[in-house]
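Visitor: First the structure, then my questions, so here it is.
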Amino acid sequence: MRRVVCPGSFDPVTNGHLDIIGRASRLYDEVVVMVSINLAKKSLFTVEERLDLIREVTRDLGNVKVDSFRGLTVDYCKQHDIPVIVRGLRAVTDYDYELQIAQMNHRMSGVETLFMATNPLYAFLSSSLMKEVVQWGGDVTGLVPALVHDRLIERLKDA
């Protein structure tokens, strides 16, 4: 079985994330969307909320599993016998950063990294940008799933 992990904080999941997850699900037998737990980072949504949101918006993709992990992605891969990490690239700046991580991951564990060019429709999206736009009353309709849109508005309405 061909398996891949798609790691990230997903705070919250965007349509750009879903594009990469969906494309990976057509290439692999199983895609594990792994919510990285970073206690040093202040998140808008709890890990459990992010897991639930991702499960809901990927429910139509029968080969997508959702999990969380605190630690190095390569350690998760080794523990679950997953040989590949998939990462979306929006711009050259993403590539510079992601290449260093991919090379370190490979050196430490032999885990390969597959880079997918982001669909140009979503190349400017980031979870941080979505939160900021909503916080200031902007509209992110069509940039995040409807469920995520509603939760963002609910969470940030009094911020």
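Labels for the structure tokens follow display order: chains A, B, ..., residues from 1 in each chain, ligands from 1.
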As a PyMOL selection string, please: the residues near Lys157 (chain A) (cut-off 10 Å, only C-alpha atoms, same-chain neighbours under 3 positions excluded).

Guide: chain A and resi 134-137+151-154

Visitor: Keeping only all heavy atoms, write the selected residues to a file as a compact mmCIF listing (two decimals), in the first residue's frame.

Guide:
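New file selection38.txt:
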# COMPACT_ATOMS: atom_id res chain seq x y z
N VAL A 134 -10.56 37.68 8.42
CA VAL A 134 -11.83 37.52 9.12
C VAL A 134 -11.87 38.40 10.37
O VAL A 134 -12.89 39.02 10.66
CB VAL A 134 -12.10 36.03 9.46
CG1 VAL A 134 -13.29 35.89 10.40
CG2 VAL A 134 -12.33 35.23 8.19
N GLN A 135 -10.77 38.47 11.08
CA GLN A 135 -10.71 39.28 12.29
C GLN A 135 -11.05 40.75 12.01
O GLN A 135 -11.67 41.43 12.82
CB GLN A 135 -9.34 39.17 12.94
CG GLN A 135 -9.26 39.86 14.28
CD GLN A 135 -7.94 39.58 14.98
OE1 GLN A 135 -7.02 39.00 14.41
NE2 GLN A 135 -7.85 39.99 16.22
N TRP A 136 -10.65 41.23 10.82
CA TRP A 136 -10.91 42.62 10.46
C TRP A 136 -12.18 42.78 9.62
O TRP A 136 -12.39 43.83 9.01
CB TRP A 136 -9.70 43.20 9.75
CG TRP A 136 -8.55 43.36 10.70
CD1 TRP A 136 -7.45 42.58 10.81
CD2 TRP A 136 -8.43 44.35 11.73
NE1 TRP A 136 -6.65 43.01 11.83
CE2 TRP A 136 -7.22 44.10 12.42
CE3 TRP A 136 -9.23 45.43 12.15
CZ2 TRP A 136 -6.81 44.89 13.49
CZ3 TRP A 136 -8.79 46.19 13.21
CH2 TRP A 136 -7.59 45.92 13.87
N GLY A 137 -13.01 41.74 9.59
CA GLY A 137 -14.31 41.85 8.92
C GLY A 137 -14.30 41.55 7.45
O GLY A 137 -15.31 41.75 6.77
N ARG A 151 -16.94 28.67 11.36
CA ARG A 151 -16.23 28.57 12.64
C ARG A 151 -15.27 29.73 12.85
O ARG A 151 -15.09 30.21 13.96
CB ARG A 151 -15.47 27.25 12.71
CG ARG A 151 -16.33 26.02 12.65
CD ARG A 151 -16.89 25.64 14.02
NE ARG A 151 -17.88 24.61 13.91
CZ ARG A 151 -17.65 23.31 13.83
NH1 ARG A 151 -16.41 22.87 13.87
NH2 ARG A 151 -18.65 22.45 13.74
N LEU A 152 -14.62 30.19 11.76
CA LEU A 152 -13.74 31.35 11.87
C LEU A 152 -14.52 32.59 12.32
O LEU A 152 -14.09 33.31 13.22
CB LEU A 152 -13.08 31.65 10.52
CG LEU A 152 -11.79 30.96 10.20
CD1 LEU A 152 -11.40 31.17 8.74
CD2 LEU A 152 -10.67 31.41 11.10
N ILE A 153 -15.65 32.83 11.68
CA ILE A 153 -16.47 33.99 12.03
C ILE A 153 -16.94 33.88 13.47
O ILE A 153 -16.86 34.85 14.24
CB ILE A 153 -17.65 34.14 11.05
CG1 ILE A 153 -17.11 34.56 9.68
CG2 ILE A 153 -18.68 35.14 11.59
CD1 ILE A 153 -18.14 34.56 8.58
N GLU A 154 -17.39 32.71 13.86
CA GLU A 154 -17.86 32.49 15.24
C GLU A 154 -16.74 32.73 16.24
O GLU A 154 -16.93 33.41 17.25
CB GLU A 154 -18.38 31.05 15.34
CG GLU A 154 -18.87 30.64 16.70
CD GLU A 154 -19.27 29.19 16.71
OE1 GLU A 154 -20.08 28.79 15.85
OE2 GLU A 154 -18.77 28.44 17.57

Visitor: So that I can check the secondary structure, give me every residue of region 5-156 of chain A assigned helix (DSSP H, G or I) by backbone DSSP, as a PyMOL selection string.

Guide: chain A and resi 15-27+47-57+73-79+92-109+120-122+127-135+146-156

Visitor: Taking the DSSP secondary structure from the backbone, can you list the residues of region 83-157 of chain A that are strand (DSSP E), as a PDB file with N, CA and C atoms, in the first residue's frame?

Guide:
ATOM      1  N   VAL A  84       6.840   8.656   2.736  1.00  0.00           N
ATOM      2  CA  VAL A  84       6.807   9.902   1.969  1.00  0.00           C
ATOM      3  C   VAL A  84       6.012  10.980   2.708  1.00  0.00           C
ATOM      4  N   ILE A  85       6.529  12.204   2.623  1.00  0.00           N
ATOM      5  CA  ILE A  85       5.842  13.401   3.108  1.00  0.00           C
ATOM      6  C   ILE A  85       5.473  14.215   1.869  1.00  0.00           C
ATOM      7  N   VAL A  86       4.267  14.759   1.824  1.00  0.00           N
ATOM      8  CA  VAL A  86       3.887  15.651   0.723  1.00  0.00           C
ATOM      9  C   VAL A  86       3.719  17.053   1.289  1.00  0.00           C
ATOM     10  N   ARG A  87       4.269  18.023   0.559  1.00  0.00           N
ATOM     11  CA  ARG A  87       4.190  19.426   0.965  1.00  0.00           C
ATOM     12  C   ARG A  87       3.806  20.272  -0.240  1.00  0.00           C
ATOM     13  N   GLY A  88       2.911  21.217  -0.036  1.00  0.00           N
ATOM     14  CA  GLY A  88       2.546  22.158  -1.082  1.00  0.00           C
ATOM     15  C   GLY A  88       3.497  23.339  -1.088  1.00  0.00           C
ATOM     16  N   LEU A  89       3.844  23.798  -2.267  1.00  0.00           N
ATOM     17  CA  LEU A  89       4.715  24.967  -2.424  1.00  0.00           C
ATOM     18  C   LEU A  89       3.937  26.083  -3.096  1.00  0.00           C
ATOM     19  N   GLU A 112      11.297  10.383   2.131  1.00  0.00           N
ATOM     20  CA  GLU A 112      11.308  11.266   0.967  1.00  0.00           C
ATOM     21  C   GLU A 112      10.262  12.360   1.130  1.00  0.00           C
ATOM     22  N   THR A 113      10.480  13.498   0.459  1.00  0.00           N
ATOM     23  CA  THR A 113       9.496  14.575   0.440  1.00  0.00           C
ATOM     24  C   THR A 113       9.096  14.839  -0.996  1.00  0.00           C
ATOM     25  N   LEU A 114       7.803  14.854  -1.244  1.00  0.00           N
ATOM     26  CA  LEU A 114       7.243  15.184  -2.545  1.00  0.00           C
ATOM     27  C   LEU A 114       6.688  16.600  -2.466  1.00  0.00           C
ATOM     28  N   PHE A 115       7.171  17.475  -3.345  1.00  0.00           N
ATOM     29  CA  PHE A 115       6.650  18.839  -3.403  1.00  0.00           C
ATOM     30  C   PHE A 115       5.596  18.919  -4.496  1.00  0.00           C
ATOM     31  N   MET A 116       4.454  19.513  -4.157  1.00  0.00           N
ATOM     32  CA  MET A 116       3.392  19.754  -5.138  1.00  0.00           C
ATOM     33  C   MET A 116       3.225  21.256  -5.295  1.00  0.00           C
ATOM     34  N   ALA A 117       3.258  21.709  -6.528  1.00  0.00           N
ATOM     35  CA  ALA A 117       3.003  23.124  -6.781  1.00  0.00           C
ATOM     36  C   ALA A 117       1.542  23.417  -6.463  1.00  0.00           C
TER      37      ALA A 117
END

Visitor: Between A:Lys78, A:Arg23, A:Arg70, A:Arg90, which residue has the minimum interatomic distance to Thr58 (chain A), considering only C-alpha atoms?

Guide: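 Counting only C-alpha atoms, the residue closest to Thr58 (chain A) is A:Arg23.
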
Visitor: Tell me, as a PyMOL selection string, which residues lie within 10 Å of Cys77 (chain A), counting only C-alpha atoms; anything in the same chain fewer than 5 positions away does not count.

Guide: chain A and resi 3-5+32+72+82-85+109+111

Visitor: As a ChimeraX atom specification, please: the residues near Asp150 (chain A) (cut-off 12 Å, only C-alpha atoms, same-chain neighbours under 6 positions excluded).

Guide: /A:12,53,131,134,139-142,144,156-157

Visitor: Which residue, A:Glu132, A:Val66, A:Pro7, A:Asp81, has the smallest gap to Glu49 (chain A) when you use only C-alpha atoms?

Guide: A:Val66

Visitor: Counting only C-alpha atoms, which of A:Ile37, A:Ala91, A:Ala102, A:Leu44 gets nearest to Ser127 (chain A)?

Guide: A:Leu44

Visitor: Rank A:Met1, A:Leu39, A:Val13, A:Arg50 by their smallest atom-to-atom distance to Leu27 (chain A), using only C-alpha atoms, and report the top residue only.

Guide: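 Comparing A:Met1, A:Leu39, A:Val13, A:Arg50 against Leu27 (chain A), the winner is A:Met1.
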
Visitor: Please provide the set of residues having any atom within 12 Å of Ile54 (chain A), restricted to only C-alpha atoms, with same-chain residues fewer than 6 positions apart removed, written as a VMD selection string.

Guide: chain A and resid 6 8 to 15 17 to 18 21 32 to 35 45 47 to 48 60 to 61 64 to 68 144 to 145 147 to 148

Visitor: Deliver the residues from the most recent selection as a file, using C-alpha atoms, as a JSON list (two decimals), in the first residue's frame.

Guide:
[["chain", "number", "residue", "atom", "x", "y", "z"],
["A", 6, "CYS", "CA", 0.57, 15.55, 4.74],
["A", 8, "GLY", "CA", 0.81, 20.96, 8.98],
["A", 9, "SER", "CA", -0.76, 23.02, 11.71],
["A", 10, "PHE", "CA", -4.00, 23.52, 9.71],
["A", 11, "ASP", "CA", -5.15, 26.39, 11.96],
["A", 12, "PRO", "CA", -7.49, 26.41, 10.10],
["A", 13, "VAL", "CA", -7.53, 24.16, 7.05],
["A", 14, "THR", "CA", -7.88, 26.17, 3.81],
["A", 15, "ASN", "CA", -8.92, 25.31, 0.28],
["A", 17, "HIS", "CA", -4.59, 22.59, 1.94],
["A", 18, "LEU", "CA", -7.57, 20.67, 0.59],
["A", 21, "ILE", "CA", -4.72, 16.67, 0.13],
["A", 32, "VAL", "CA", -2.60, 10.77, 6.51],
["A", 33, "VAL", "CA", -3.27, 14.40, 7.29],
["A", 34, "MET", "CA", -1.17, 14.97, 10.39],
["A", 35, "VAL", "CA", -1.92, 17.96, 12.57],
["A", 45, "PHE", "CA", -8.45, 26.24, 17.22],
["A", 47, "VAL", "CA", -5.92, 20.31, 18.11],
["A", 48, "GLU", "CA", -9.18, 18.39, 18.56],
["A", 60, "ASP", "CA", -15.73, 12.45, 0.80],
["A", 61, "LEU", "CA", -12.13, 11.32, 0.24],
["A", 64, "VAL", "CA", -7.78, 10.16, 3.91],
["A", 65, "LYS", "CA", -7.08, 9.63, 7.60],
["A", 66, "VAL", "CA", -6.54, 12.40, 10.12],
["A", 67, "ASP", "CA", -4.19, 12.20, 13.08],
["A", 68, "SER", "CA", -2.10, 14.44, 15.33],
["A", 144, "VAL", "CA", -11.84, 28.04, 3.10],
["A", 145, "PRO", "CA", -14.55, 25.36, 3.29],
["A", 147, "LEU", "CA", -17.76, 24.92, 7.71],
["A", 148, "VAL", "CA", -14.37, 26.49, 8.42]]

Visitor: Which residue is closest to Asp75 (chain A)? Choose from A:Asp29, A:Ala24, A:Asp19, A:Ser36 and count only C-alpha atoms.

Guide: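 Once distances to Asp75 (chain A) are computed over only C-alpha atoms, the minimum belongs to A:Ser36.
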
Visitor: Report, in Å to a single decimal, how far apart CA of Thr118 (chain A) and CA of Ser25 (chain A) are.

Guide: 14.9 Å

Visitor: Here is a test: counting only C-alpha atoms, which residue of A:Gly71, A:Leu143, A:Arg59, A:Asp96 is nearest to Asn38 (chain A)?

Guide: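 Among A:Gly71, A:Leu143, A:Arg59, A:Asp96, it is A:Gly71 that comes nearest to Asn38 (chain A).
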